[in-house]
Amino acid sequence: MQDVFAGGTDTSTATIEWSMTELMKHPVIMQKVQAEVISAFKGKTSHTVVGNNVRLTVMIYRSSNECLSMRGHVQLIPNTEPDSLKPERFEKTSVDFMGNDYQFIPFGSGSRICFGIYFGLRTLELFLAQMLNNYNWNLPRGLNPSNLDTTETLTGGVLVVKKDPLHLIPTPYSSVD
Ligand code: HEM
């Protein structure tokens with residue numbers, strides 16, 4: 001039970017925070033993703049959209065190269081190109097993140113693959129899609145997105161989180177012309 005709670009909370013929030021950080025740093029990609037989400041939501045409830053699987057590119061590419069020691073097993077969690085945001089790399093490829101393609105295994109692979117993979121994915125889709133469908137996001141105090149700090153730190157010995165929490169100002173989308 002402890003594994004389920006520990007593995008099921010910070011993972012999703014950290015991924016949402018990194019996703020929003022990268023989207024803020026790449027306004028063109030933010031616009032593209034937001035337009036896609038808004039058009040998917042048009043006239044539908046979030047339930048329908050999530051059911052239909054909004055093609056929100058999941059940007060869980062940050063789990064850096066780490067050597068973990070869990071229950072006496074040493075695991076290597078590799079990740080290629082963790083530092084560049086290229087959502088289009090997932091558009092024309094058969095590489096998935098379900099543990100079959102070793103170049104991209106954010107949920108691990110094999111017998112100890114993440115137990116909450118579908119729950120985690122749905123959480124990310126639901127939160128990100130709702131955040132982008134309903135709000136425009138800005139940095140406080142006119143901060144330039146390219147200066148957004150992306151220093152990482154480890155929490156709980158395994159999770160790579162943003163050292164300085166991300167602060168954003170939401171503006172309801174309906175109030176933007
Ligand atoms: C973005 C969300 C998530 C990511 C990126 C993620 C990632 C991972 C990774 C990399 C592992 C190690 C897999 C391996 O050893 O090969 C793992 C294990 C695990 N995860 Fe997740 N996870 C996420 C969400 C969740 C959620 C929502 C839950 C529970 C509701 C969960 C429960 C677990 C458990 C229990 C394990 C241990 C599995 C075992 O040792 O047999 N995770 N996760």
# chains A, B, ... in the order shown; residues from 1 in each chain; ligands from 1
>>> residues_near_ligand(ligand="ligand 1", cutoff="7 Å", atoms="only C-alpha atoms and all ligand atoms", output="count of residues only")
27
>>> closest_residue(among="A:Met30, A:Leu166, A:Met1, A:Ala35", to="A:Thr150", atoms="only C-alpha atoms")
A:Leu166
>>> residues_around(residues="A:Thr151", least_positions_apart="5", cutoff="8 Å", atoms="only C-alpha atoms", output="JSON, numbers by chain")
{"A": [162, 163, 164]}
>>> closest_residue(among="A:Leu126, A:Leu154, A:Leu159, A:Leu139", to="A:Val37", atoms="only C-alpha atoms")
A:Leu126
>>> residues_around(residues="A:His167", least_positions_apart="2", cutoff="10 Å", atoms="only C-alpha atoms", output="MDAnalysis selection string")
chainID A and resid 17 21 137:140 164:165 169:170
>>> write_last_selection(atoms="C-alpha atoms", output="tab-separated table (two decimals), in the first residue's frame")
chain	number	residue	atom	x	y	z
A	17	GLU	CA	4.92	20.47	-13.32
A	21	THR	CA	7.51	24.19	-17.40
A	137	TRP	CA	-0.84	30.62	-18.55
A	138	ASN	CA	1.68	33.34	-17.82
A	139	LEU	CA	4.75	33.70	-15.70
A	140	PRO	CA	4.59	36.16	-12.78
A	164	ASP	CA	12.13	25.82	-7.53
A	165	PRO	CA	8.39	25.15	-7.69
A	169	ILE	CA	-0.79	32.83	-13.41
A	170	PRO	CA	-3.91	31.38	-15.02
>>> atom_distance(atom1="atom CA of A:Gly43", atom2="atom CA of A:Leu168")
27.2 Å
>>> closest_residue(among="A:Leu128, A:Met24, A:Ile16, A:Val33", to="A:Asn147", atoms="only C-alpha atoms")
A:Met24
>>> closest_residue(among="A:Leu143, A:Ser84, A:Thr155, A:Tyr118", to="A:Met98", atoms="only C-alpha atoms")
A:Tyr118
>>> atom_distance(atom1="atom CA of A:Phe90", atom2="atom CA of A:Ala40")
18.5 Å
>>> decode(residues="stretch 14-28 of chain A", atoms="N, CA and C atoms", output="PDB file, in the first residue's frame")
ATOM      1  N   ALA A  14       4.801  15.744 -10.358  1.00  0.00           N
ATOM      2  CA  ALA A  14       6.101  16.171 -10.908  1.00  0.00           C
ATOM      3  C   ALA A  14       6.021  16.214 -12.434  1.00  0.00           C
ATOM      4  N   THR A  15       5.346  15.244 -13.035  1.00  0.00           N
ATOM      5  CA  THR A  15       5.262  15.209 -14.503  1.00  0.00           C
ATOM      6  C   THR A  15       4.425  16.372 -15.024  1.00  0.00           C
ATOM      7  N   ILE A  16       3.353  16.695 -14.303  1.00  0.00           N
ATOM      8  CA  ILE A  16       2.534  17.842 -14.717  1.00  0.00           C
ATOM      9  C   ILE A  16       3.357  19.137 -14.599  1.00  0.00           C
ATOM     10  N   GLU A  17       4.122  19.261 -13.515  1.00  0.00           N
ATOM     11  CA  GLU A  17       4.920  20.473 -13.324  1.00  0.00           C
ATOM     12  C   GLU A  17       5.988  20.605 -14.424  1.00  0.00           C
ATOM     13  N   TRP A  18       6.655  19.471 -14.740  1.00  0.00           N
ATOM     14  CA  TRP A  18       7.676  19.535 -15.804  1.00  0.00           C
ATOM     15  C   TRP A  18       7.030  19.831 -17.150  1.00  0.00           C
ATOM     16  N   SER A  19       5.867  19.226 -17.386  1.00  0.00           N
ATOM     17  CA  SER A  19       5.198  19.452 -18.670  1.00  0.00           C
ATOM     18  C   SER A  19       4.855  20.922 -18.836  1.00  0.00           C
ATOM     19  N   MET A  20       4.288  21.535 -17.784  1.00  0.00           N
ATOM     20  CA  MET A  20       3.925  22.949 -17.860  1.00  0.00           C
ATOM     21  C   MET A  20       5.185  23.816 -17.989  1.00  0.00           C
ATOM     22  N   THR A  21       6.254  23.426 -17.299  1.00  0.00           N
ATOM     23  CA  THR A  21       7.506  24.187 -17.396  1.00  0.00           C
ATOM     24  C   THR A  21       7.993  24.193 -18.839  1.00  0.00           C
ATOM     25  N   GLU A  22       8.023  23.009 -19.452  1.00  0.00           N
ATOM     26  CA  GLU A  22       8.531  22.922 -20.826  1.00  0.00           C
ATOM     27  C   GLU A  22       7.596  23.638 -21.799  1.00  0.00           C
ATOM     28  N   LEU A  23       6.297  23.539 -21.563  1.00  0.00           N
ATOM     29  CA  LEU A  23       5.355  24.236 -22.448  1.00  0.00           C
ATOM     30  C   LEU A  23       5.534  25.755 -22.328  1.00  0.00           C
ATOM     31  N   MET A  24       5.788  26.239 -21.110  1.00  0.00           N
ATOM     32  CA  MET A  24       6.009  27.675 -20.935  1.00  0.00           C
ATOM     33  C   MET A  24       7.290  28.112 -21.641  1.00  0.00           C
ATOM     34  N   LYS A  25       8.284  27.256 -21.628  1.00  0.00           N
ATOM     35  CA  LYS A  25       9.556  27.607 -22.274  1.00  0.00           C
ATOM     36  C   LYS A  25       9.477  27.524 -23.795  1.00  0.00           C
ATOM     37  N   HIS A  26       8.462  26.842 -24.300  1.00  0.00           N
ATOM     38  CA  HIS A  26       8.316  26.676 -25.750  1.00  0.00           C
ATOM     39  C   HIS A  26       6.924  27.145 -26.181  1.00  0.00           C
ATOM     40  N   PRO A  27       6.739  28.468 -26.265  1.00  0.00           N
ATOM     41  CA  PRO A  27       5.398  29.013 -26.532  1.00  0.00           C
ATOM     42  C   PRO A  27       4.762  28.499 -27.820  1.00  0.00           C
ATOM     43  N   VAL A  28       5.568  28.196 -28.839  1.00  0.00           N
ATOM     44  CA  VAL A  28       4.983  27.717 -30.100  1.00  0.00           C
ATOM     45  C   VAL A  28       4.356  26.338 -29.878  1.00  0.00           C
TER      46      VAL A  28
END
